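Structure data follow from upload_9.cif (mmCIF, C-alpha atoms):
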data_final
loop_
_atom_site.group_PDB
_atom_site.id
_atom_site.type_symbol
_atom_site.label_atom_id
_atom_site.label_comp_id
_atom_site.auth_asym_id
_atom_site.auth_seq_id
_atom_site.Cartn_x
_atom_site.Cartn_y
_atom_site.Cartn_z
ATOM 1 C CA MET A 30 -18.582 12.795 28.274
ATOM 2 C CA THR A 31 -20.423 15.918 29.520
ATOM 3 C CA LYS A 32 -17.392 17.914 30.632
ATOM 4 C CA MET A 33 -14.690 15.966 28.904
ATOM 5 C CA THR A 34 -12.421 17.987 26.686
ATOM 6 C CA ILE A 35 -10.860 16.215 23.758
ATOM 7 C CA ASP A 36 -8.041 18.323 22.406
ATOM 8 C CA ARG A 37 -6.890 16.897 19.101
ATOM 9 C CA ARG A 38 -4.020 19.356 19.002
ATOM 10 C CA ARG A 39 -2.234 17.392 21.707
ATOM 11 C CA PHE A 40 -1.331 14.874 19.033
ATOM 12 C CA LEU A 41 0.643 17.427 17.082
ATOM 13 C CA ILE A 42 4.348 17.439 17.772
ATOM 14 C CA GLY A 43 5.806 20.876 18.289
ATOM 15 C CA GLY A 44 4.512 24.337 17.570
ATOM 16 C CA ALA A 45 5.975 24.398 14.077
ATOM 17 C CA VAL A 46 4.031 21.341 13.048
ATOM 18 C CA ALA A 47 0.878 22.770 14.612
ATOM 19 C CA GLY A 48 1.386 25.972 12.650
ATOM 20 C CA VAL A 49 1.772 24.173 9.359
ATOM 21 C CA ILE A 50 -1.172 21.883 9.937
ATOM 22 C CA GLY A 51 -3.351 24.714 11.217
ATOM 23 C CA ALA A 52 -2.627 26.801 8.159
ATOM 24 C CA LYS A 53 -3.516 23.967 5.827
ATOM 25 C CA ALA A 54 -6.653 23.127 7.770
ATOM 26 C CA SER A 55 -8.190 26.415 6.712
ATOM 27 C CA ALA A 56 -8.200 25.191 3.145
ATOM 28 C CA ASP A 57 -10.043 22.129 1.893
ATOM 29 C CA ILE A 58 -6.952 19.942 1.695
ATOM 30 C CA HIS A 59 -7.366 16.200 1.895
ATOM 31 C CA ASP A 60 -4.318 14.136 1.027
ATOM 32 C CA GLY A 61 -4.700 11.239 3.436
ATOM 33 C CA GLU A 62 -1.584 12.212 5.395
ATOM 34 C CA LEU A 63 -2.557 15.050 7.695
ATOM 35 C CA GLY A 64 -5.382 13.571 9.717
ATOM 36 C CA ALA A 65 -8.553 15.568 10.207
ATOM 37 C CA PRO A 66 -8.170 19.332 10.677
ATOM 38 C CA PRO A 67 -7.122 20.123 14.295
ATOM 39 C CA ALA A 68 -10.032 21.159 16.500
ATOM 40 C CA THR A 69 -11.080 21.220 20.147
ATOM 41 C CA TYR A 70 -14.319 19.436 21.061
ATOM 42 C CA ARG A 71 -16.122 19.972 24.350
ATOM 43 C CA GLY A 72 -18.875 17.779 25.660
ATOM 44 C CA GLU A 73 -20.407 15.392 23.165
ATOM 45 C CA VAL A 74 -18.167 14.511 20.240
ATOM 46 C CA PRO A 75 -19.844 15.618 17.010
ATOM 47 C CA TRP A 76 -19.746 13.716 13.751
ATOM 48 C CA GLN A 77 -19.675 15.490 10.435
ATOM 49 C CA GLU A 78 -19.423 13.771 7.086
ATOM 50 C CA GLY A 79 -16.277 14.650 5.159
ATOM 51 C CA ALA A 80 -14.380 16.093 8.132
ATOM 52 C CA ALA A 81 -11.781 13.334 8.215
ATOM 53 C CA ASP A 82 -8.741 13.586 6.003
ATOM 54 C CA SER A 83 -9.594 10.590 3.853
ATOM 55 C CA PRO A 84 -7.186 9.618 1.068
ATOM 56 C CA PRO A 85 -8.075 10.750 -2.446
ATOM 57 C CA ALA A 86 -9.478 7.965 -4.594
ATOM 58 C CA VAL A 87 -7.261 6.651 -7.362
ATOM 59 C CA THR A 88 -9.562 7.150 -10.329
ATOM 60 C CA ASP A 89 -7.104 8.023 -13.105
ATOM 61 C CA ALA A 90 -6.484 4.541 -14.503
ATOM 62 C CA GLU A 91 -6.967 5.934 -17.989
ATOM 63 C CA ARG A 92 -3.706 7.851 -17.569
ATOM 64 C CA GLY A 93 -1.846 4.567 -17.586
ATOM 65 C CA TRP A 94 1.504 4.240 -15.850
ATOM 66 C CA VAL A 95 2.880 7.395 -14.259
ATOM 67 C CA PHE A 96 5.996 6.100 -12.478
ATOM 68 C CA PHE A 97 7.256 2.852 -13.980
ATOM 69 C CA THR A 98 8.980 2.860 -17.365
ATOM 70 C CA PRO A 99 7.957 0.183 -19.903
ATOM 71 C CA ALA A 100 10.937 -1.976 -18.905
ATOM 72 C CA GLU A 101 10.074 -1.586 -15.215
ATOM 73 C CA GLN A 102 6.434 -2.398 -15.937
ATOM 74 C CA ALA A 103 7.469 -5.710 -17.490
ATOM 75 C CA PHE A 104 9.522 -6.632 -14.421
ATOM 76 C CA VAL A 105 6.830 -5.609 -11.938
ATOM 77 C CA ASN A 106 4.067 -7.506 -13.730
ATOM 78 C CA ALA A 107 6.214 -10.638 -13.987
ATOM 79 C CA ALA A 108 7.511 -10.494 -10.395
ATOM 80 C CA LEU A 109 4.104 -9.841 -8.829
ATOM 81 C CA ALA A 110 2.588 -12.669 -10.856
ATOM 82 C CA ARG A 111 5.039 -15.024 -9.125
ATOM 83 C CA LEU A 112 4.589 -13.530 -5.639
ATOM 84 C CA ILE A 113 0.785 -13.943 -5.750
ATOM 85 C CA PRO A 114 -0.194 -16.144 -8.717
ATOM 86 C CA ASN A 115 -3.705 -16.226 -10.136
ATOM 87 C CA ASP A 116 -5.554 -19.469 -9.376
ATOM 88 C CA GLU A 117 -8.953 -20.929 -8.559
ATOM 89 C CA VAL A 118 -8.715 -19.768 -4.932
ATOM 90 C CA GLY A 119 -8.559 -16.073 -5.745
ATOM 91 C CA PRO A 120 -7.140 -13.389 -8.019
ATOM 92 C CA GLY A 121 -3.416 -12.995 -8.477
ATOM 93 C CA ALA A 122 -1.597 -9.745 -7.755
ATOM 94 C CA VAL A 123 -1.731 -8.677 -11.406
ATOM 95 C CA GLU A 124 -5.446 -9.478 -11.689
ATOM 96 C CA ALA A 125 -6.034 -7.510 -8.464
ATOM 97 C CA ASN A 126 -4.401 -4.446 -10.064
ATOM 98 C CA VAL A 127 -1.489 -4.386 -7.605
ATOM 99 C CA PRO A 128 1.010 -3.123 -10.237
ATOM 100 C CA PHE A 129 -1.236 -0.083 -10.694
ATOM 101 C CA PHE A 130 -1.350 0.391 -6.898
ATOM 102 C CA LEU A 131 2.466 0.284 -6.762
ATOM 103 C CA ASP A 132 2.798 2.715 -9.642
ATOM 104 C CA ARG A 133 0.605 5.324 -7.954
ATOM 105 C CA GLN A 134 2.181 4.844 -4.512
ATOM 106 C CA LEU A 135 5.703 5.280 -5.850
ATOM 107 C CA ALA A 136 4.658 8.384 -7.780
ATOM 108 C CA GLY A 137 3.368 10.012 -4.579
ATOM 109 C CA PRO A 138 4.359 10.784 -0.970
ATOM 110 C CA TYR A 139 5.278 7.168 -0.186
ATOM 111 C CA GLY A 140 7.622 6.971 -3.142
ATOM 112 C CA ARG A 141 9.301 10.220 -2.102
ATOM 113 C CA GLY A 142 9.896 8.784 1.356
ATOM 114 C CA ASP A 143 7.909 11.480 3.134
ATOM 115 C CA HIS A 144 7.759 9.376 6.311
ATOM 116 C CA TYR A 145 11.295 7.984 6.170
ATOM 117 C CA PHE A 146 14.484 9.378 7.608
ATOM 118 C CA LEU A 147 16.861 9.284 4.641
ATOM 119 C CA GLY A 148 19.806 11.189 6.091
ATOM 120 C CA GLY A 149 23.159 9.505 6.620
ATOM 121 C CA PRO A 150 25.245 7.841 7.760
ATOM 122 C CA TRP A 151 24.208 4.587 6.106
ATOM 123 C CA PRO A 152 26.041 1.669 7.748
ATOM 124 C CA LYS A 153 24.325 -1.683 7.374
ATOM 125 C CA GLY A 154 21.734 -1.900 10.138
ATOM 126 C CA THR A 155 20.003 -4.777 11.873
ATOM 127 C CA PRO A 156 16.475 -5.959 10.975
ATOM 128 C CA GLN A 157 15.240 -4.470 14.264
ATOM 129 C CA GLN A 158 16.278 -0.994 13.140
ATOM 130 C CA GLY A 159 13.812 -0.879 10.281
ATOM 131 C CA TYR A 160 14.447 0.790 6.939
ATOM 132 C CA GLN A 161 18.151 1.571 6.501
ATOM 133 C CA SER A 162 18.890 3.016 3.061
ATOM 134 C CA ARG A 163 19.904 6.233 1.374
ATOM 135 C CA PHE A 164 17.224 5.548 -1.248
ATOM 136 C CA SER A 165 13.635 6.683 -1.033
ATOM 137 C CA PRO A 166 11.231 3.838 -1.934
ATOM 138 C CA ALA A 167 10.897 5.175 -5.493
ATOM 139 C CA GLN A 168 14.662 5.410 -5.878
ATOM 140 C CA LEU A 169 15.106 1.917 -4.456
ATOM 141 C CA TYR A 170 12.641 0.398 -6.917
ATOM 142 C CA ARG A 171 14.288 2.187 -9.841
ATOM 143 C CA ALA A 172 17.828 1.223 -8.861
ATOM 144 C CA ALA A 173 16.948 -2.344 -7.870
ATOM 145 C CA ILE A 174 14.975 -3.190 -11.005
ATOM 146 C CA ALA A 175 17.794 -1.899 -13.203
ATOM 147 C CA ALA A 176 20.354 -3.906 -11.202
ATOM 148 C CA ILE A 177 18.223 -7.058 -11.359
ATOM 149 C CA GLU A 178 17.838 -6.770 -15.112
ATOM 150 C CA ARG A 179 21.605 -6.358 -15.491
ATOM 151 C CA HIS A 180 22.119 -9.464 -13.372
ATOM 152 C CA VAL A 181 19.588 -11.429 -15.431
ATOM 153 C CA GLY A 182 21.065 -10.235 -18.714
ATOM 154 C CA ALA A 183 24.564 -11.280 -17.657
ATOM 155 C CA SER A 184 23.370 -14.668 -16.415
ATOM 156 C CA PHE A 185 20.905 -15.563 -19.196
ATOM 157 C CA ASN A 186 22.456 -14.303 -22.427
ATOM 158 C CA GLY A 187 20.795 -10.912 -22.483
ATOM 159 C CA ALA A 188 17.327 -12.064 -21.389
ATOM 160 C CA THR A 189 15.043 -9.975 -19.177
ATOM 161 C CA PHE A 190 13.329 -11.136 -16.005
ATOM 162 C CA ALA A 191 9.933 -11.169 -17.708
ATOM 163 C CA ARG A 192 11.195 -13.568 -20.379
ATOM 164 C CA LEU A 193 12.554 -16.138 -17.936
ATOM 165 C CA GLY A 194 10.606 -19.293 -17.178
ATOM 166 C CA ALA A 195 8.577 -19.441 -13.980
ATOM 167 C CA ASP A 196 11.124 -21.699 -12.258
ATOM 168 C CA GLU A 197 14.000 -19.337 -13.042
ATOM 169 C CA GLN A 198 11.963 -16.343 -11.901
ATOM 170 C CA ASP A 199 11.186 -18.086 -8.616
ATOM 171 C CA LYS A 200 14.828 -19.010 -8.138
ATOM 172 C CA LEU A 201 15.923 -15.414 -8.659
ATOM 173 C CA LEU A 202 13.260 -14.043 -6.317
ATOM 174 C CA LYS A 203 14.371 -16.509 -3.638
ATOM 175 C CA GLY A 204 17.948 -15.338 -4.179
ATOM 176 C CA LEU A 205 16.836 -11.761 -3.611
ATOM 177 C CA GLU A 206 14.906 -12.794 -0.504
ATOM 178 C CA SER A 207 17.919 -14.541 1.006
ATOM 179 C CA GLY A 208 20.374 -11.850 -0.077
ATOM 180 C CA ASP A 209 22.426 -14.393 -2.050
ATOM 181 C CA VAL A 210 21.942 -12.409 -5.268
ATOM 182 C CA LEU A 211 24.303 -9.436 -5.085
ATOM 183 C CA LEU A 212 23.110 -6.447 -7.081
ATOM 184 C CA GLY A 213 25.724 -3.748 -6.441
ATOM 185 C CA ASP A 214 25.215 0.016 -6.879
ATOM 186 C CA GLY A 215 24.308 0.329 -3.212
ATOM 187 C CA VAL A 216 21.188 -1.834 -3.622
ATOM 188 C CA ASP A 217 20.560 -4.372 -0.893
ATOM 189 C CA SER A 218 18.744 -7.250 -2.592
ATOM 190 C CA LYS A 219 17.186 -8.572 0.599
ATOM 191 C CA GLY A 220 15.969 -5.110 1.580
ATOM 192 C CA PHE A 221 14.406 -4.588 -1.832
ATOM 193 C CA PHE A 222 12.667 -7.963 -1.814
ATOM 194 C CA THR A 223 11.288 -7.267 1.657
ATOM 195 C CA MET A 224 9.830 -3.959 0.456
ATOM 196 C CA LEU A 225 8.493 -5.463 -2.787
ATOM 197 C CA LEU A 226 6.717 -8.293 -0.964
ATOM 198 C CA GLN A 227 5.310 -5.975 1.707
ATOM 199 C CA ASN A 228 4.042 -3.473 -0.874
ATOM 200 C CA THR A 229 2.525 -6.304 -2.912
ATOM 201 C CA LYS A 230 0.573 -7.558 0.091
ATOM 202 C CA GLU A 231 -0.489 -4.002 0.912
ATOM 203 C CA GLY A 232 -1.836 -3.428 -2.587
ATOM 204 C CA TYR A 233 -3.533 -6.812 -2.619
ATOM 205 C CA PHE A 234 -5.448 -6.356 0.638
ATOM 206 C CA ALA A 235 -5.753 -2.544 0.857
ATOM 207 C CA ASP A 236 -8.998 -0.715 0.271
ATOM 208 C CA PRO A 237 -9.668 -0.336 -3.474
ATOM 209 C CA ILE A 238 -9.565 3.441 -3.025
ATOM 210 C CA TYR A 239 -5.780 3.109 -3.402
ATOM 211 C CA GLY A 240 -5.994 1.394 -6.788
ATOM 212 C CA GLY A 241 -5.369 -2.260 -5.890
ATOM 213 C CA ASN A 242 -7.655 -5.053 -4.641
ATOM 214 C CA LYS A 243 -9.721 -4.688 -7.814
ATOM 215 C CA ASP A 244 -13.422 -5.377 -7.277
ATOM 216 C CA MET A 245 -12.483 -6.238 -3.670
ATOM 217 C CA GLY A 246 -11.412 -9.641 -4.978
ATOM 218 C CA ALA A 247 -8.919 -10.259 -2.155
ATOM 219 C CA TRP A 248 -11.520 -9.366 0.473
ATOM 220 C CA LYS A 249 -14.104 -11.646 -1.114
ATOM 221 C CA MET A 250 -11.541 -14.454 -1.149
ATOM 222 C CA ILE A 251 -10.968 -14.290 2.626
ATOM 223 C CA GLY A 252 -14.513 -13.264 3.574
ATOM 224 C CA PHE A 253 -13.526 -9.844 4.901
ATOM 225 C CA PRO A 254 -16.566 -7.520 5.232
ATOM 226 C CA GLY A 255 -14.547 -4.404 4.428
ATOM 227 C CA ALA A 256 -15.196 -0.921 5.746
ATOM 228 C CA ARG A 257 -18.704 -1.601 7.005
ATOM 229 C CA TYR A 258 -19.963 0.740 9.690
ATOM 230 C CA ASP A 259 -21.113 -2.012 12.026
ATOM 231 C CA TYR A 260 -21.069 -5.806 11.970
ATOM 232 C CA LYS A 261 -20.580 -6.466 15.676
ATOM 233 C CA GLU A 262 -23.315 -9.093 15.736
ATOM 234 C CA TRP A 263 -21.042 -11.256 13.584
ATOM 235 C CA VAL A 264 -17.853 -10.903 15.639
ATOM 236 C CA THR A 265 -18.613 -13.871 17.908
ATOM 237 C CA ARG A 266 -20.192 -16.070 15.241
ATOM 238 C CA HIS A 267 -17.079 -18.113 14.590
ATOM 239 C CA GLY A 268 -17.032 -20.489 11.657
ATOM 240 C CA GLU A 269 -19.923 -18.756 9.882
ATOM 241 C CA ALA A 270 -19.384 -17.071 6.548
ATOM 242 C CA PHE A 271 -20.324 -13.386 6.500
ATOM 243 C CA PRO A 272 -23.245 -13.328 4.026
ATOM 244 C CA ASN A 273 -23.058 -9.756 2.746
ATOM 245 C CA PRO A 274 -20.681 -8.330 0.112
ATOM 246 C CA PRO A 275 -17.666 -6.305 1.267
ATOM 247 C CA VAL A 276 -17.818 -2.524 1.268
ATOM 248 C CA GLY A 277 -14.904 -0.190 0.550
ATOM 249 C CA LEU A 278 -14.316 3.380 1.687
ATOM 250 C CA MET A 279 -15.998 4.515 -1.518
ATOM 251 C CA GLY A 280 -18.888 2.115 -0.969
ATOM 252 C CA ARG A 281 -19.794 -0.620 -3.433
ATOM 253 C CA PRO A 282 -22.134 -1.007 -6.411
ATOM 254 C CA GLY A 283 -25.612 -0.446 -5.064
ATOM 255 C CA TRP A 284 -24.239 0.427 -1.633
ATOM 256 C CA ARG A 285 -27.238 2.562 -0.721
ATOM 257 C CA GLU A 286 -29.453 -0.502 -0.972
ATOM 258 C CA LYS A 287 -29.922 -2.360 2.320
ATOM 259 C CA VAL A 288 -28.174 -5.730 2.428
#
Starting from the file, give its structure as C-alpha cells.
Amino acid sequence: MTKMTIDRRRFLIGGAVAGVIGAKASADIHDGELGAPPATYRGEVPWQEGAADSPPAVTDAERGWVFFTPAEQAFVNAALARLIPNDEVGPGAVEANVPFFLDRQLAGPYGRGDHYFLGGPWPKGTPQQGYQSRFSPAQLYRAAIAAIERHVGASFNGATFARLGADEQDKLLKGLESGDVLLGDGVDSKGFFTMLLQNTKEGYFADPIYGGNKDMGAWKMIGFPGARYDYKEWVTRHGEAFPNPPVGLMGRPGWREKV
C-alpha cells in the first residue's frame, strides 16, 4: 500500500456530478445517498470516525405518520400483517415497525424515485427490465391502495381491506401477486405487489436505523450478529449459534460494554 493511490473520485460519473458532490462535501451533509465526501488518499488508507455518509437515524416516531393517510395506514397495517404474521417464531411485520419504515421511506428520496428513471415511454416491459412505471414509488403506493380499496368496496358491499377476514385478505393479495386482480388507473397490480413485498422484507431485515426491525427482533430470530466490527472467528463455526446480541449501526443498549 506504500505508493498506492486510491482516488475515490474515479467513482463519480461525469464532471457535473463531481462538481455537485464536491460542492456538497464542503458542508456537513449526510443523507445516506452521496457516499463519503470525495478525497484522494496516498499511501496508507486513514480511518476517521464520522467520515462516511451514513444514513440519518429515524428518531422522530413521536411525529406519527408523515406519508400515509389514515385510510392508507389501515391498509398497510392489515396487508403487512398478512405478509409477515406475528407468531411464536418471531415478530410480525407490524410488530417489527415495518409500516413506520415504509412511511418514512416513501416520504423521502426513495418515495420520490430519486434513483429511478421515470421518463416515458411506458410500454409494458419484461421482468428482466426492472421497474417500468410512470409512477414514483410514493405515487404507486398512493394510486394502488386507492384502487385496491375501490376494488374491495365494489366486491364486498363497501367494506375496506382492513375489515376483511384473513382468508379474504390472503386471497386478494394472491390475486395482486398473480396479476389476476385488475386495478385500472394505470396501476399494475403485480408490479405493486412485488414492490410491497420487497419493501416489507427490506423494512423487516434492515438495520433499525431506518425505523423498522424494532429491537432487532428479525435479526435475533435468525441469529444475525448485525453490524459488528469483527466476528470472523465465527464464520467457519457452522451449526453453532452466535452467542452475543446483535448490534446495529447505532449500537445497542450497553454497546460500550464488552460482550
List as number ranges by chain the protein and nucleic acid residues near Pro99 (chain A), meaning an atom at most 12 Å away when all atoms listed in the file are counted, but skip any in the same chain fewer than 6 places from it. A: 93, 105-106, 132, 174, 191
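Shortest separation to Gly215 (chain A) among A:Ala256, A:Leu169, A:Leu193, A:Ile238 occurs at residue A:Leu169, atoms counted being only C-alpha atoms.
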For Gln161 (chain A), which of A:Tyr233, A:Tyr145, A:Tyr139, A:Tyr260 is the closest residue, counting all atoms listed in the file?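 Between A:Tyr233, A:Tyr145, A:Tyr139, A:Tyr260, the residue approaching Gln161 (chain A) most closely is A:Tyr145.
The coordinates place CA of Ala247 (chain A) at 15.2 Å from CA of Leu278 (chain A).
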I want to know what sits within 12 Å of Pro152 (chain A), based on only C-alpha atoms, with residues of the same chain fewer than 2 positions away left out; could you give that as a PyMOL selection string? chain A and resi 148-150+154-155+158+160-163+215+217
Separation of CA of Phe129 (chain A) from CA of Trp94 (chain A), in Å and rounded to one decimal: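 So the two atoms, CA of Phe129 (chain A) and CA of Trp94 (chain A), lie 7.3 Å apart.
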List as a PyMOL selection string the protein and nucleic acid residues near region 110-127 of chain A, meaning an atom at most 8 Å away when all atoms listed in the file are counted, but skip any in the same chain fewer than 2 places from it. chain A and resi 106-108+129-131+195+198-199+226+229+232-233+240-244+246-247+250
Because the input lacks atoms here, generate N, CA, C and O atoms for region 131-145 of chain A and report them as a PDB file, in the coordinates of the input.
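Final file, part-v2.pdb:
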ATOM      1  N   LEU A 131       1.058  -0.039  -6.976  1.00  0.00           N
ATOM      2  CA  LEU A 131       2.466   0.284  -6.762  1.00  0.00           C
ATOM      3  C   LEU A 131       2.875   1.520  -7.547  1.00  0.00           C
ATOM      4  O   LEU A 131       3.591   2.388  -7.036  1.00  0.00           O
ATOM      5  N   ASP A 132       2.435   1.592  -8.780  1.00  0.00           N
ATOM      6  CA  ASP A 132       2.798   2.715  -9.642  1.00  0.00           C
ATOM      7  C   ASP A 132       2.349   4.037  -9.027  1.00  0.00           C
ATOM      8  O   ASP A 132       3.117   5.001  -8.968  1.00  0.00           O
ATOM      9  N   ARG A 133       1.125   4.087  -8.529  1.00  0.00           N
ATOM     10  CA  ARG A 133       0.605   5.324  -7.954  1.00  0.00           C
ATOM     11  C   ARG A 133       1.258   5.631  -6.605  1.00  0.00           C
ATOM     12  O   ARG A 133       1.503   6.793  -6.281  1.00  0.00           O
ATOM     13  N   GLN A 134       1.539   4.607  -5.802  1.00  0.00           N
ATOM     14  CA  GLN A 134       2.181   4.844  -4.512  1.00  0.00           C
ATOM     15  C   GLN A 134       3.596   5.390  -4.698  1.00  0.00           C
ATOM     16  O   GLN A 134       4.016   6.309  -3.986  1.00  0.00           O
ATOM     17  N   LEU A 135       4.325   4.839  -5.640  1.00  0.00           N
ATOM     18  CA  LEU A 135       5.703   5.280  -5.850  1.00  0.00           C
ATOM     19  C   LEU A 135       5.771   6.658  -6.506  1.00  0.00           C
ATOM     20  O   LEU A 135       6.780   7.354  -6.388  1.00  0.00           O
ATOM     21  N   ALA A 136       4.698   7.055  -7.163  1.00  0.00           N
ATOM     22  CA  ALA A 136       4.658   8.384  -7.780  1.00  0.00           C
ATOM     23  C   ALA A 136       4.235   9.461  -6.788  1.00  0.00           C
ATOM     24  O   ALA A 136       4.244  10.644  -7.120  1.00  0.00           O
ATOM     25  N   GLY A 137       3.879   9.060  -5.558  1.00  0.00           N
ATOM     26  CA  GLY A 137       3.368  10.012  -4.579  1.00  0.00           C
ATOM     27  C   GLY A 137       4.221  10.139  -3.336  1.00  0.00           C
ATOM     28  O   GLY A 137       5.432   9.845  -3.358  1.00  0.00           O
ATOM     29  N   PRO A 138       3.616  10.546  -2.216  1.00  0.00           N
ATOM     30  CA  PRO A 138       4.359  10.784  -0.970  1.00  0.00           C
ATOM     31  C   PRO A 138       5.135   9.561  -0.482  1.00  0.00           C
ATOM     32  O   PRO A 138       6.234   9.703   0.055  1.00  0.00           O
ATOM     33  N   TYR A 139       4.557   8.366  -0.630  1.00  0.00           N
ATOM     34  CA  TYR A 139       5.278   7.168  -0.186  1.00  0.00           C
ATOM     35  C   TYR A 139       6.555   6.978  -0.993  1.00  0.00           C
ATOM     36  O   TYR A 139       7.621   6.709  -0.435  1.00  0.00           O
ATOM     37  N   GLY A 140       6.445   7.131  -2.296  1.00  0.00           N
ATOM     38  CA  GLY A 140       7.622   6.971  -3.142  1.00  0.00           C
ATOM     39  C   GLY A 140       8.712   7.977  -2.820  1.00  0.00           C
ATOM     40  O   GLY A 140       9.903   7.659  -2.899  1.00  0.00           O
ATOM     41  N   ARG A 141       8.322   9.189  -2.458  1.00  0.00           N
ATOM     42  CA  ARG A 141       9.301  10.220  -2.102  1.00  0.00           C
ATOM     43  C   ARG A 141       9.938   9.960  -0.742  1.00  0.00           C
ATOM     44  O   ARG A 141      10.919  10.608  -0.384  1.00  0.00           O
ATOM     45  N   GLY A 142       9.360   9.058   0.027  1.00  0.00           N
ATOM     46  CA  GLY A 142       9.896   8.784   1.356  1.00  0.00           C
ATOM     47  C   GLY A 142       9.525   9.839   2.368  1.00  0.00           C
ATOM     48  O   GLY A 142      10.315  10.140   3.269  1.00  0.00           O
ATOM     49  N   ASP A 143       8.314  10.404   2.234  1.00  0.00           N
ATOM     50  CA  ASP A 143       7.909  11.480   3.134  1.00  0.00           C
ATOM     51  C   ASP A 143       7.972  11.079   4.609  1.00  0.00           C
ATOM     52  O   ASP A 143       8.176  11.928   5.476  1.00  0.00           O
ATOM     53  N   HIS A 144       7.775   9.804   4.910  1.00  0.00           N
ATOM     54  CA  HIS A 144       7.759   9.376   6.311  1.00  0.00           C
ATOM     55  C   HIS A 144       8.989   8.552   6.673  1.00  0.00           C
ATOM     56  O   HIS A 144       8.977   7.819   7.656  1.00  0.00           O
ATOM     57  N   TYR A 145      10.036   8.675   5.887  1.00  0.00           N
ATOM     58  CA  TYR A 145      11.295   7.984   6.170  1.00  0.00           C
ATOM     59  C   TYR A 145      12.369   9.002   6.541  1.00  0.00           C
ATOM     60  O   TYR A 145      12.351  10.136   6.048  1.00  0.00           O
TER      61      TYR A 145
END
